[in-house]
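Next comes my_file17.csv, a file with CSV, C-alpha atoms (C1' of nucleotides).
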chain,number,residue,atom,x,y,z
A,1,MET,CA,10.0,8.5,-0.2
A,2,LYS,CA,6.4,7.5,0.3
A,3,ASP,CA,4.5,8.3,-2.8
A,4,GLY,CA,3.5,5.3,-4.8
A,5,PHE,CA,1.3,2.4,-3.8
A,6,GLU,CA,3.6,2.0,-0.9
A,7,GLY,CA,2.6,5.0,1.1
A,8,PHE,CA,-1.1,4.7,0.3
A,9,SER,CA,-3.1,4.4,3.5
A,10,VAL,CA,-6.7,4.5,4.5
A,11,ASN,CA,-6.1,7.2,7.1
A,12,LYS,CA,-4.3,9.4,4.6
A,13,LEU,CA,-7.1,8.9,2.0
A,14,ALA,CA,-9.8,9.9,4.5
A,15,LYS,CA,-7.9,13.0,5.6
A,16,ALA,CA,-7.3,13.9,1.9
A,17,CYS,CA,-11.1,13.6,1.3
A,18,GLY,CA,-11.9,15.5,4.4
A,19,ILE,CA,-14.0,12.7,5.9
A,20,SER,CA,-13.6,10.4,8.8
A,21,VAL,CA,-11.9,7.0,8.3
A,22,ALA,CA,-15.0,5.4,9.7
A,23,THR,CA,-17.1,6.8,6.9
A,24,LEU,CA,-14.9,4.9,4.4
A,25,TYR,CA,-15.7,1.7,6.2
A,26,ILE,CA,-19.4,2.3,5.7
A,27,TYR,CA,-19.0,1.9,1.9
A,28,TYR,CA,-16.1,-0.5,1.8
A,29,LYS,CA,-15.6,-3.5,4.0
A,30,ASP,CA,-11.8,-3.2,4.2
A,31,LYS,CA,-8.8,-1.7,2.4
A,32,ASP,CA,-8.6,-4.4,-0.2
A,33,ASP,CA,-12.3,-4.0,-1.0
A,34,LEU,CA,-11.8,-0.3,-1.4
A,35,ILE,CA,-8.9,-0.7,-3.8
A,36,ILE,CA,-10.5,-3.6,-5.8
A,37,SER,CA,-13.8,-1.8,-6.1
A,38,ILE,CA,-12.4,1.5,-7.3
A,39,ALA,CA,-9.9,-0.2,-9.6
A,40,THR,CA,-12.5,-2.5,-11.1
A,41,GLU,CA,-14.6,0.6,-11.8
A,42,GLU,CA,-11.7,2.3,-13.6
A,43,VAL,CA,-10.8,-0.8,-15.6
A,44,ASN,CA,-14.4,-1.2,-16.8
A,45,ARG,CA,-14.6,2.4,-17.8
A,46,MET,CA,-11.4,2.0,-19.8
A,47,THR,CA,-12.5,-1.2,-21.4
A,48,GLU,CA,-15.6,0.6,-22.6
A,49,ALA,CA,-13.6,3.5,-24.0
A,50,VAL,CA,-11.2,1.1,-25.8
A,51,LEU,CA,-14.1,-0.7,-27.5
A,52,LYS,CA,-15.6,2.6,-28.8
A,53,ASP,CA,-16.2,2.4,-32.6
A,54,PHE,CA,-14.4,-1.0,-32.7
A,55,ASP,CA,-15.9,-3.4,-35.1
A,56,PRO,CA,-14.7,-7.0,-35.0
A,57,GLU,CA,-15.7,-7.3,-38.6
A,58,SER,CA,-13.5,-4.5,-39.9
A,59,SER,CA,-10.1,-5.1,-41.6
A,60,PHE,CA,-7.2,-6.0,-39.4
A,61,GLU,CA,-5.3,-2.8,-39.9
A,62,GLU,CA,-8.4,-0.6,-39.4
A,63,GLY,CA,-9.5,-2.5,-36.3
A,64,LEU,CA,-6.1,-2.3,-34.7
A,65,ARG,CA,-5.8,1.3,-35.6
A,66,ILE,CA,-9.0,2.1,-33.7
A,67,GLN,CA,-7.8,0.1,-30.7
A,68,TRP,CA,-4.6,2.1,-30.7
A,69,LYS,CA,-6.4,5.4,-31.1
A,70,ASN,CA,-8.8,4.6,-28.3
A,71,ARG,CA,-6.1,3.4,-25.9
A,72,TYR,CA,-3.7,6.2,-26.7
A,73,ARG,CA,-6.4,8.9,-26.3
A,74,TYR,CA,-7.7,7.4,-23.0
A,75,MET,CA,-4.3,7.0,-21.5
A,76,THR,CA,-3.2,10.5,-22.4
A,77,LYS,CA,-6.5,12.0,-21.3
A,78,TYR,CA,-6.1,10.4,-17.9
A,79,PRO,CA,-2.3,10.1,-17.3
A,80,GLU,CA,-2.6,9.2,-13.7
A,81,LEU,CA,-4.7,6.2,-14.7
A,82,GLY,CA,-1.8,4.7,-16.5
A,83,LEU,CA,0.4,5.0,-13.5
A,84,PHE,CA,-2.4,3.7,-11.3
A,85,LEU,CA,-3.0,0.6,-13.4
A,86,GLU,CA,0.8,0.1,-13.7
A,87,LYS,CA,1.0,-0.1,-9.9
A,88,LEU,CA,-2.0,-2.3,-9.8
A,89,ARG,CA,-0.5,-4.6,-12.3
A,90,SER,CA,2.5,-5.4,-10.3
A,91,SER,CA,0.6,-5.6,-7.0
A,92,THR,CA,-1.2,-8.5,-5.5
A,93,TYR,CA,-4.5,-7.0,-6.4
A,94,GLN,CA,-3.8,-7.7,-10.0
A,95,GLN,CA,-5.5,-11.1,-10.2
A,96,TYR,CA,-8.7,-9.9,-8.5
A,97,ILE,CA,-9.2,-7.0,-10.9
A,98,PHE,CA,-8.0,-8.3,-14.3
A,99,GLU,CA,-9.3,-11.8,-14.1
A,100,ASN,CA,-12.7,-11.3,-15.4
A,101,TYR,CA,-12.3,-7.9,-17.0
A,102,MET,CA,-12.4,-9.6,-20.4
A,103,ASP,CA,-15.7,-11.3,-20.7
A,104,GLU,CA,-17.1,-9.3,-23.6
A,105,PHE,CA,-13.8,-7.8,-24.4
A,106,SER,CA,-11.8,-10.9,-25.0
A,107,ASN,CA,-14.6,-12.5,-27.0
A,108,ARG,CA,-14.7,-9.6,-29.4
A,109,MET,CA,-10.9,-9.6,-29.7
A,110,ARG,CA,-10.9,-13.3,-30.5
A,111,VAL,CA,-13.5,-12.9,-33.2
A,112,PHE,CA,-11.5,-10.0,-34.6
A,113,CYS,CA,-8.3,-12.0,-34.8
A,114,GLN,CA,-10.0,-15.1,-36.2
A,115,ASN,CA,-11.5,-13.0,-39.0
A,116,ALA,CA,-8.1,-11.5,-39.8
A,117,VAL,CA,-6.6,-14.9,-39.9
A,118,LYS,CA,-9.4,-16.3,-42.1
A,119,ARG,CA,-9.0,-13.4,-44.5
A,120,GLY,CA,-5.3,-14.2,-44.6
A,121,GLU,CA,-4.3,-10.8,-43.3
A,122,ILE,CA,-2.2,-12.2,-40.5
A,123,SER,CA,-0.8,-15.6,-39.4
A,124,GLU,CA,-2.4,-17.5,-36.6
A,125,LEU,CA,-0.6,-16.7,-33.4
A,126,PRO,CA,-0.8,-17.6,-29.7
A,127,VAL,CA,-2.8,-14.9,-27.8
A,128,GLY,CA,0.2,-13.9,-25.7
A,129,VAL,CA,2.5,-13.5,-28.8
A,130,TYR,CA,-0.2,-11.6,-30.6
A,131,TRP,CA,-0.8,-9.2,-27.7
A,132,SER,CA,2.9,-8.7,-27.1
A,133,ILE,CA,3.5,-7.5,-30.7
A,134,ALA,CA,0.2,-5.7,-31.2
A,135,PHE,CA,-0.1,-3.7,-28.0
A,136,ALA,CA,3.1,-3.9,-25.8
A,137,PRO,CA,4.9,-1.3,-27.9
A,138,LEU,CA,2.0,1.2,-27.5
A,139,TYR,CA,1.9,0.7,-23.7
A,140,SER,CA,5.7,1.0,-23.6
A,141,LEU,CA,5.5,4.4,-25.4
A,142,ILE,CA,2.8,5.5,-23.0
A,143,ARG,CA,4.8,4.4,-20.0
A,144,PHE,CA,7.9,6.3,-21.2
A,145,HIS,CA,5.7,9.3,-21.8
A,146,ASN,CA,4.2,9.1,-18.3
A,147,GLU,CA,7.6,8.6,-16.7
A,148,GLY,CA,9.0,11.4,-18.9
A,149,SER,CA,12.0,9.4,-19.9
A,150,THR,CA,13.1,6.3,-21.8
A,151,VAL,CA,15.1,3.4,-20.4
A,152,GLY,CA,18.3,5.3,-20.8
A,153,GLY,CA,17.0,8.1,-18.7
A,154,LYS,CA,16.8,10.4,-21.7
A,155,PRO,CA,13.9,12.8,-21.6
A,156,PHE,CA,10.9,11.6,-23.6
A,157,LYS,CA,7.8,13.3,-24.9
A,158,LEU,CA,5.3,11.2,-26.9
A,159,THR,CA,3.9,12.8,-30.0
A,160,ASP,CA,1.1,11.6,-32.4
A,161,LYS,CA,3.8,11.1,-35.0
A,162,MET,CA,5.7,8.7,-32.9
A,163,VAL,CA,2.6,6.7,-32.1
A,164,TRP,CA,1.6,6.2,-35.7
A,165,GLN,CA,5.2,5.6,-36.7
A,166,THR,CA,5.3,2.8,-34.2
A,167,PHE,CA,1.9,1.6,-35.3
A,168,ASP,CA,3.1,1.3,-38.9
A,169,LEU,CA,6.1,-0.8,-37.9
A,170,VAL,CA,3.9,-3.1,-35.8
A,171,ILE,CA,1.5,-3.5,-38.7
A,172,LYS,CA,4.4,-4.3,-41.0
A,173,GLY,CA,5.6,-7.0,-38.6
A,174,LEU,CA,2.2,-8.6,-38.1
A,175,LYS,CA,0.8,-8.5,-41.7
A,176,ARG,CA,1.6,-11.4,-44.0
B,1,MET,CA,-3.2,-9.9,1.0
B,2,LYS,CA,0.3,-8.8,1.9
B,3,ASP,CA,2.7,-10.3,-0.5
B,4,GLY,CA,4.1,-7.8,-3.0
B,5,PHE,CA,6.1,-4.7,-2.5
B,6,GLU,CA,3.4,-3.6,-0.2
B,7,GLY,CA,4.0,-5.9,2.7
B,8,PHE,CA,7.7,-5.8,2.5
B,9,SER,CA,9.2,-4.7,5.8
B,10,VAL,CA,12.6,-4.4,7.4
B,11,ASN,CA,11.4,-6.4,10.4
B,12,LYS,CA,10.1,-9.2,8.3
B,13,LEU,CA,13.3,-9.3,6.3
B,14,ALA,CA,15.5,-9.6,9.4
B,15,LYS,CA,13.3,-12.3,10.8
B,16,ALA,CA,13.4,-14.2,7.5
B,17,CYS,CA,17.2,-13.9,7.4
B,18,GLY,CA,17.4,-15.0,11.0
B,19,ILE,CA,19.2,-11.9,12.1
B,20,SER,CA,18.4,-8.9,14.2
B,21,VAL,CA,16.9,-5.7,12.6
B,22,ALA,CA,19.8,-3.8,14.1
B,23,THR,CA,22.3,-5.8,12.1
B,24,LEU,CA,20.7,-4.7,8.9
B,25,TYR,CA,21.2,-1.1,9.9
B,26,ILE,CA,24.9,-1.8,10.3
B,27,TYR,CA,25.1,-2.4,6.5
B,28,TYR,CA,22.4,-0.1,5.2
B,29,LYS,CA,21.6,3.3,6.5
B,30,ASP,CA,17.9,3.0,6.0
B,31,LYS,CA,15.2,1.1,4.2
B,32,ASP,CA,15.6,3.1,1.0
B,33,ASP,CA,19.3,2.6,1.0
B,34,LEU,CA,18.8,-1.2,1.5
B,35,ILE,CA,16.4,-1.5,-1.5
B,36,ILE,CA,18.3,0.8,-3.7
B,37,SER,CA,21.6,-0.9,-3.0
B,38,ILE,CA,20.3,-4.4,-3.6
B,39,ALA,CA,18.3,-3.4,-6.6
B,40,THR,CA,21.3,-1.6,-8.2
B,41,GLU,CA,23.4,-4.7,-7.7
B,42,GLU,CA,20.8,-6.8,-9.4
B,43,VAL,CA,20.4,-4.4,-12.3
B,44,ASN,CA,24.2,-4.2,-12.9
B,45,ARG,CA,24.4,-8.0,-12.8
B,46,MET,CA,21.7,-8.2,-15.4
B,47,THR,CA,23.1,-5.5,-17.6
B,48,GLU,CA,26.4,-7.4,-17.7
B,49,ALA,CA,24.6,-10.6,-18.6
B,50,VAL,CA,22.6,-8.8,-21.3
B,51,LEU,CA,25.8,-7.5,-22.9
B,52,LYS,CA,27.4,-10.9,-23.0
B,53,ASP,CA,28.7,-11.7,-26.5
B,54,PHE,CA,27.1,-8.5,-27.8
B,55,ASP,CA,29.1,-6.8,-30.5
B,56,PRO,CA,27.9,-3.3,-31.5
B,57,GLU,CA,29.6,-3.9,-34.9
B,58,SER,CA,27.5,-7.0,-35.8
B,59,SER,CA,24.6,-6.9,-38.1
B,60,PHE,CA,21.3,-5.6,-36.8
B,61,GLU,CA,19.5,-8.9,-36.8
B,62,GLU,CA,22.4,-10.8,-35.2
B,63,GLY,CA,22.9,-8.1,-32.6
B,64,LEU,CA,19.3,-7.9,-31.6
B,65,ARG,CA,19.0,-11.7,-31.6
B,66,ILE,CA,21.8,-11.9,-29.0
B,67,GLN,CA,20.2,-9.2,-26.9
B,68,TRP,CA,17.0,-11.2,-27.0
B,69,LYS,CA,18.7,-14.4,-26.2
B,70,ASN,CA,20.6,-12.9,-23.2
B,71,ARG,CA,17.6,-11.1,-21.8
B,72,TYR,CA,15.3,-14.2,-22.3
B,73,ARG,CA,17.8,-16.5,-20.7
B,74,TYR,CA,18.5,-14.3,-17.8
B,75,MET,CA,14.9,-13.6,-17.0
B,76,THR,CA,13.9,-17.2,-17.1
B,77,LYS,CA,16.9,-18.3,-15.1
B,78,TYR,CA,15.9,-15.9,-12.4
B,79,PRO,CA,12.1,-15.6,-12.6
B,80,GLU,CA,11.8,-13.8,-9.3
B,81,LEU,CA,14.1,-11.1,-10.6
B,82,GLY,CA,11.6,-10.2,-13.3
B,83,LEU,CA,8.8,-9.7,-10.8
B,84,PHE,CA,11.2,-7.8,-8.5
B,85,LEU,CA,12.3,-5.4,-11.3
B,86,GLU,CA,8.7,-5.0,-12.3
B,87,LYS,CA,7.7,-3.9,-8.8
B,88,LEU,CA,10.7,-1.6,-8.7
B,89,ARG,CA,9.8,-0.1,-12.0
B,90,SER,CA,6.4,1.1,-10.8
B,91,SER,CA,7.7,2.2,-7.4
B,92,THR,CA,9.3,5.5,-6.4
B,93,TYR,CA,12.7,3.8,-6.3
B,94,GLN,CA,12.7,3.5,-10.0
B,95,GLN,CA,14.4,6.8,-10.8
B,96,TYR,CA,17.2,6.2,-8.3
B,97,ILE,CA,18.1,2.8,-9.8
B,98,PHE,CA,17.6,3.1,-13.5
B,99,GLU,CA,18.9,6.6,-14.0
B,100,ASN,CA,22.5,5.8,-14.4
B,101,TYR,CA,22.3,2.1,-15.2
B,102,MET,CA,23.0,2.9,-18.8
B,103,ASP,CA,26.4,4.6,-18.9
B,104,GLU,CA,28.3,2.0,-20.9
B,105,PHE,CA,25.1,0.2,-21.9
B,106,SER,CA,23.3,3.0,-23.6
B,107,ASN,CA,26.5,4.0,-25.4
B,108,ARG,CA,27.0,0.6,-26.9
B,109,MET,CA,23.3,0.4,-27.9
B,110,ARG,CA,23.5,3.8,-29.6
B,111,VAL,CA,26.5,2.8,-31.6
B,112,PHE,CA,24.8,-0.4,-32.5
B,113,CYS,CA,21.7,1.4,-33.8
B,114,GLN,CA,23.7,4.1,-35.6
B,115,ASN,CA,25.6,1.3,-37.4
B,116,ALA,CA,22.4,-0.4,-38.5
B,117,VAL,CA,21.0,2.9,-39.7
B,118,LYS,CA,24.2,3.7,-41.6
B,119,ARG,CA,24.1,0.3,-43.3
B,120,GLY,CA,20.5,0.9,-44.2
B,121,GLU,CA,19.3,-2.1,-42.3
B,122,ILE,CA,16.7,0.0,-40.3
B,123,SER,CA,15.3,3.5,-40.4
B,124,GLU,CA,16.3,6.2,-38.0
B,125,LEU,CA,14.0,6.2,-35.0
B,126,PRO,CA,13.6,8.0,-31.8
B,127,VAL,CA,15.1,5.9,-29.0
B,128,GLY,CA,11.7,5.4,-27.2
B,129,VAL,CA,10.1,4.2,-30.4
B,130,TYR,CA,13.0,1.9,-31.2
B,131,TRP,CA,13.0,0.3,-27.7
B,132,SER,CA,9.2,0.0,-27.7
B,133,ILE,CA,9.3,-2.1,-30.8
B,134,ALA,CA,12.6,-3.9,-30.3
B,135,PHE,CA,12.2,-5.0,-26.7
B,136,ALA,CA,8.7,-4.3,-25.3
B,137,PRO,CA,7.2,-7.4,-26.9
B,138,LEU,CA,9.9,-9.6,-25.3
B,139,TYR,CA,9.3,-8.2,-21.9
B,140,SER,CA,5.6,-8.6,-22.4
B,141,LEU,CA,6.1,-12.3,-23.1
B,142,ILE,CA,8.3,-12.7,-20.1
B,143,ARG,CA,5.7,-10.9,-17.9
B,144,PHE,CA,2.9,-13.1,-19.1
B,145,HIS,CA,5.1,-16.1,-18.4
B,146,ASN,CA,5.9,-15.0,-14.9
B,147,GLU,CA,2.3,-14.2,-14.2
B,148,GLY,CA,1.3,-17.5,-15.8
B,149,SER,CA,-1.5,-15.8,-17.8
B,150,THR,CA,-2.1,-13.4,-20.6
B,151,VAL,CA,-4.3,-10.3,-20.4
B,152,GLY,CA,-7.4,-12.3,-20.8
B,153,GLY,CA,-6.5,-14.4,-17.8
B,154,LYS,CA,-5.9,-17.4,-20.1
B,155,PRO,CA,-3.1,-19.6,-18.9
B,156,PHE,CA,0.2,-18.9,-20.6
B,157,LYS,CA,3.5,-20.8,-20.7
B,158,LEU,CA,6.3,-19.3,-22.7
B,159,THR,CA,8.3,-21.5,-25.1
B,160,ASP,CA,11.4,-21.0,-27.1
B,161,LYS,CA,9.3,-21.2,-30.2
B,162,MET,CA,7.1,-18.3,-29.1
B,163,VAL,CA,10.1,-16.2,-28.3
B,164,TRP,CA,11.7,-16.6,-31.8
B,165,GLN,CA,8.4,-16.4,-33.5
B,166,THR,CA,7.9,-13.0,-31.9
B,167,PHE,CA,11.4,-12.0,-32.6
B,168,ASP,CA,10.9,-12.8,-36.3
B,169,LEU,CA,7.9,-10.5,-36.4
B,170,VAL,CA,9.7,-7.7,-34.6
B,171,ILE,CA,12.6,-8.0,-37.1
B,172,LYS,CA,10.2,-8.0,-40.0
B,173,GLY,CA,8.6,-4.7,-38.6
B,174,LEU,CA,11.9,-3.0,-38.0
B,175,LYS,CA,13.9,-3.9,-41.1
B,176,ARG,CA,13.7,-1.7,-44.1
C,1,DT,C1',-50.1,20.1,14.2
C,2,DT,C1',-46.9,18.6,17.4
C,3,DT,C1',-44.3,14.9,19.2
C,4,DT,C1',-42.2,10.5,19.1
C,5,DT,C1',-39.8,6.8,17.0
C,6,DA,C1',-37.0,4.7,13.2
C,7,DT,C1',-33.3,4.6,10.2
C,8,DA,C1',-29.5,6.0,7.5
C,9,DA,C1',-25.2,8.6,7.3
C,10,DG,C1',-21.3,10.2,9.5
C,11,DT,C1',-17.9,11.0,13.2
C,12,DG,C1',-13.9,11.4,17.0
C,13,DA,C1',-11.3,8.9,19.7
C,14,DG,C1',-8.6,5.2,20.1
C,15,DC,C1',-7.6,-0.1,19.7
C,16,DG,C1',-3.7,-3.6,19.0
C,17,DA,C1',-0.4,-4.5,15.5
C,18,DT,C1',3.2,-3.3,12.8
C,19,DC,C1',6.2,0.2,10.8
C,20,DA,C1',11.2,2.1,10.3
C,21,DC,C1',14.7,2.8,13.2
C,22,DT,C1',17.7,3.3,17.9
C,23,DT,C1',20.0,2.4,22.1
C,24,DA,C1',22.5,0.0,25.5
C,25,DC,C1',24.7,-4.0,25.9
C,26,DT,C1',27.3,-8.6,24.7
C,27,DT,C1',30.0,-11.6,21.8
C,28,DT,C1',33.5,-12.4,18.4
C,29,DT,C1',37.7,-11.5,16.2
C,30,DG,C1',42.4,-10.1,15.2
D,1,DC,C1',42.3,-5.9,25.1
D,2,DA,C1',40.5,-2.9,21.6
D,3,DA,C1',37.7,-2.9,17.6
D,4,DA,C1',34.2,-4.8,14.9
D,5,DA,C1',30.0,-7.4,14.5
D,6,DG,C1',25.9,-8.6,16.5
D,7,DT,C1',21.7,-8.4,19.4
D,8,DA,C1',17.4,-8.0,22.6
D,9,DA,C1',14.4,-4.8,23.7
D,10,DG,C1',12.6,-1.3,22.9
D,11,DT,C1',11.2,4.0,20.6
D,12,DG,C1',7.4,7.0,18.7
D,13,DA,C1',4.7,7.0,14.5
D,14,DT,C1',1.6,5.1,11.7
D,15,DC,C1',-1.0,1.2,10.1
D,16,DG,C1',-5.9,-0.9,9.2
D,17,DC,C1',-9.9,-0.9,11.5
D,18,DT,C1',-13.8,-0.5,15.3
D,19,DC,C1',-16.9,1.4,18.7
D,20,DA,C1',-19.8,4.3,21.1
D,21,DC,C1',-22.0,8.2,19.8
D,22,DT,C1',-24.2,12.4,17.1
D,23,DT,C1',-26.8,14.4,13.4
D,24,DA,C1',-30.3,14.6,9.6
D,25,DT,C1',-34.5,13.1,7.5
D,26,DA,C1',-38.8,11.4,7.6
D,27,DA,C1',-42.6,8.3,8.7
D,28,DA,C1',-45.8,7.1,12.7
D,29,DA,C1',-48.3,8.3,16.7
D,30,DA,C1',-50.6,11.6,19.8

Go ahead and render the structure in this file as structure tokens.
Amino acid sequence: MKDGFEGFSVNKLAKACGISVATLYIYYKDKDDLIISIATEEVNRMTEAVLKDFDPESSFEEGLRIQWKNRYRYMTKYPELGLFLEKLRSSTYQQYIFENYMDEFSNRMRVFCQNAVKRGEISELPVGVYWSIAFAPLYSLIRFHNEGSTVGGKPFKLTDKMVWQTFDLVIKGLKR
Amino acid sequence: MKDGFEGFSVNKLAKACGISVATLYIYYKDKDDLIISIATEEVNRMTEAVLKDFDPESSFEEGLRIQWKNRYRYMTKYPELGLFLEKLRSSTYQQYIFENYMDEFSNRMRVFCQNAVKRGEISELPVGVYWSIAFAPLYSLIRFHNEGSTVGGKPFKLTDKMVWQTFDLVIKGLKR
DNA sequence: TTTTTATAAGTGAGCGATCACTTACTTTTG
DNA sequence: CAAAAGTAAGTGATCGCTCACTTATAAAAA
């Protein structure tokens, strides 16, 4: 029972890579630096993918649909990444990685939402409330998919149909 | 940087409890057994609290509202529990704890949903899709609250108003 | 051209600390 | 006094990390 973030060690990593532990310490000053560096890289890569084709000036439904498409595609393209970020999220590294990951990102998202509110497409909402409705369901689906089962332990395989079925309900909830 | 589930050790636990490590091993056969036992206890306690006043025969909105109320109250009453379950969720212990936690629970939830579908209150949905819309937003809010910030790193404090505001949007999305 | 020196890249062996866990023994309880 | 409950003092294994050292490449000196 040593598979997750528990059970990750510098010695094991070096052995798995076929290099000496000492070599790792040439490139990273310590274990924390290693994890934070690699994780930050991955988070930035994902942020970039999520913003692909995203236009803050587009309609609310269209913009959100592209976000969903990008996130869904990226997470299913790299399934391990989801689990990795999950573990990061509930680790003490979380704050060091996600704190500034949103400089450009959160700006564009804010503009996008403000536009949608201005146009009367959605109501004004606190950021946390908005995110919890707009994205939490998608990440929940992806999580079930990666774990292979829902909360009840029932087997679960995510399909495109399910994603867009969920999307439609989310849109229905958010739109005025 | 040793605070989370990483950094938890039997030796530290014993010291914190003011007892000998050996004493722990009288009651638990190994570390895994200790974690799984305690976690299962907590999950059962929470499941019980969540089913309080819940009637599978009630209307969909009323039933879901009670579920939200119970979950919200329990998670804010024991904030550490949320973080603990979070860490469990993304650990290798997950499968051992949550696999059977839903014998009575998932039955009652299934009946509840079937009733709602029969009455035409909601459409028939895959369980994973249903859960992702009905509960993922709430857990997302609670998570932000416990972490004290949203995805953007912006400070976040959950209020009753936010919870029921989110609930209303979820209901709007789910109801026919 | 050959030799020397400089530097970056990488390594094996092993440090002290801590890990999960055990043993040999003492105290408490009924 | 016998059983149950508890403990101090460890066990070998593994942790993150370092040090003294080798190898590879190339510029500088002879």

Find the residues in chain A near chain C: any atom within 10 Å counts, using all atoms listed in the file. Write them as a ChimeraX atom specification.
/A:19-24,26

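Restricting the calculation to only C-alpha atoms (C1' of nucleotides), the smallest distance between chain A and any of D:DA8, D:DA28, D:DA3, D:DC15 is found for D:DC15.
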
Please indicate the distance in Å from atom CA of B:Glu6 to atom CA of A:Leu34, rounded to one decimal place.
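Those two atoms sit 15.6 Å apart.
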
May I ask you to extract the residues of chain D within 12 Å of chain B, using all atoms listed in the file, and to give them as a list in words?
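On the chain D side, the interface is DA4, DA5, DG6, DT7, DA8, DA9, DG10 and DC15 of chain D.
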
What are the residues of chain B lining chain A at 7 Å or less? Count only C-alpha atoms, and put the answer as a compact mmCIF listing (two decimals) with C-alpha atoms, keeping the file's coordinate frame.
# COMPACT_ATOMS: atom_id res chain seq x y z
CA MET B 1 -3.20 -9.90 1.00
CA ASP B 3 2.70 -10.30 -0.50
CA GLY B 4 4.10 -7.80 -3.00
CA GLU B 6 3.40 -3.60 -0.20
CA GLU B 86 8.70 -5.00 -12.30
CA LYS B 87 7.70 -3.90 -8.80
CA SER B 90 6.40 1.10 -10.80
CA SER B 91 7.70 2.20 -7.40
CA THR B 92 9.30 5.50 -6.40
CA GLU B 99 18.90 6.60 -14.00
CA MET B 102 23.00 2.90 -18.80
CA SER B 106 23.30 3.00 -23.60
CA GLY B 128 11.70 5.40 -27.20
CA VAL B 129 10.10 4.20 -30.40
CA SER B 132 9.20 0.00 -27.70
CA ILE B 133 9.30 -2.10 -30.80
CA ALA B 136 8.70 -4.30 -25.30
CA PRO B 137 7.20 -7.40 -26.90
CA SER B 140 5.60 -8.60 -22.40
CA LEU B 141 6.10 -12.30 -23.10
CA THR B 150 -2.10 -13.40 -20.60
CA GLY B 152 -7.40 -12.30 -20.80
CA GLY B 153 -6.50 -14.40 -17.80
CA MET B 162 7.10 -18.30 -29.10
CA THR B 166 7.90 -13.00 -31.90
CA LEU B 169 7.90 -10.50 -36.40
CA VAL B 170 9.70 -7.70 -34.60
CA LYS B 172 10.20 -8.00 -40.00
CA GLY B 173 8.60 -4.70 -38.60
CA LEU B 174 11.90 -3.00 -38.00

So which residues touch B:Glu42 within 12 Å, counting only C-alpha atoms (C1' of nucleotides), skipping near sequence neighbours fewer than 4 positions away, as a compact mmCIF listing (two decimals) with C-alpha atoms, in the coordinates of the input?
# COMPACT_ATOMS: atom_id res chain seq x y z
CA ILE B 35 16.40 -1.50 -1.50
CA ILE B 36 18.30 0.80 -3.70
CA SER B 37 21.60 -0.90 -3.00
CA ILE B 38 20.30 -4.40 -3.60
CA MET B 46 21.70 -8.20 -15.40
CA THR B 47 23.10 -5.50 -17.60
CA GLU B 48 26.40 -7.40 -17.70
CA ALA B 49 24.60 -10.60 -18.60
CA TYR B 74 18.50 -14.30 -17.80
CA MET B 75 14.90 -13.60 -17.00
CA TYR B 78 15.90 -15.90 -12.40
CA GLU B 80 11.80 -13.80 -9.30
CA LEU B 81 14.10 -11.10 -10.60
CA GLY B 82 11.60 -10.20 -13.30
CA PHE B 84 11.20 -7.80 -8.50
CA LEU B 85 12.30 -5.40 -11.30
CA LEU B 88 10.70 -1.60 -8.70
CA ILE B 97 18.10 2.80 -9.80
CA PHE B 98 17.60 3.10 -13.50
CA TYR B 101 22.30 2.10 -15.20

Please report the interatomic distance between atom CA of B:Lys15 and atom C1' of D:DT14 in Å with one decimal.
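Between atom CA of B:Lys15 and atom C1' of D:DT14 the gap works out to 21.0 Å.
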
Atom CA of A:Lys118 and atom CA of A:Gly63 are how many Å apart?
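Those two atoms sit 15.0 Å apart.
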
Got a sec: who's within 8 Å of A:Gln67, counting all atoms listed in the file, leaving out chain neighbours fewer than 2 positions off, as a PyMOL selection string?
chain A and resi 50-51+54+63-65+69-71

Can those selected residues be exported to a file as a PDB file, in the frame of the given file so that it contains C-alpha atoms?
ATOM      1  CA  VAL A  50     -11.200   1.100 -25.800  1.00  0.00           C
ATOM      2  CA  LEU A  51     -14.100  -0.700 -27.500  1.00  0.00           C
ATOM      3  CA  PHE A  54     -14.400  -1.000 -32.700  1.00  0.00           C
ATOM      4  CA  GLY A  63      -9.500  -2.500 -36.300  1.00  0.00           C
ATOM      5  CA  LEU A  64      -6.100  -2.300 -34.700  1.00  0.00           C
ATOM      6  CA  ARG A  65      -5.800   1.300 -35.600  1.00  0.00           C
ATOM      7  CA  LYS A  69      -6.400   5.400 -31.100  1.00  0.00           C
ATOM      8  CA  ASN A  70      -8.800   4.600 -28.300  1.00  0.00           C
ATOM      9  CA  ARG A  71      -6.100   3.400 -25.900  1.00  0.00           C
TER      10      ARG A  71
END
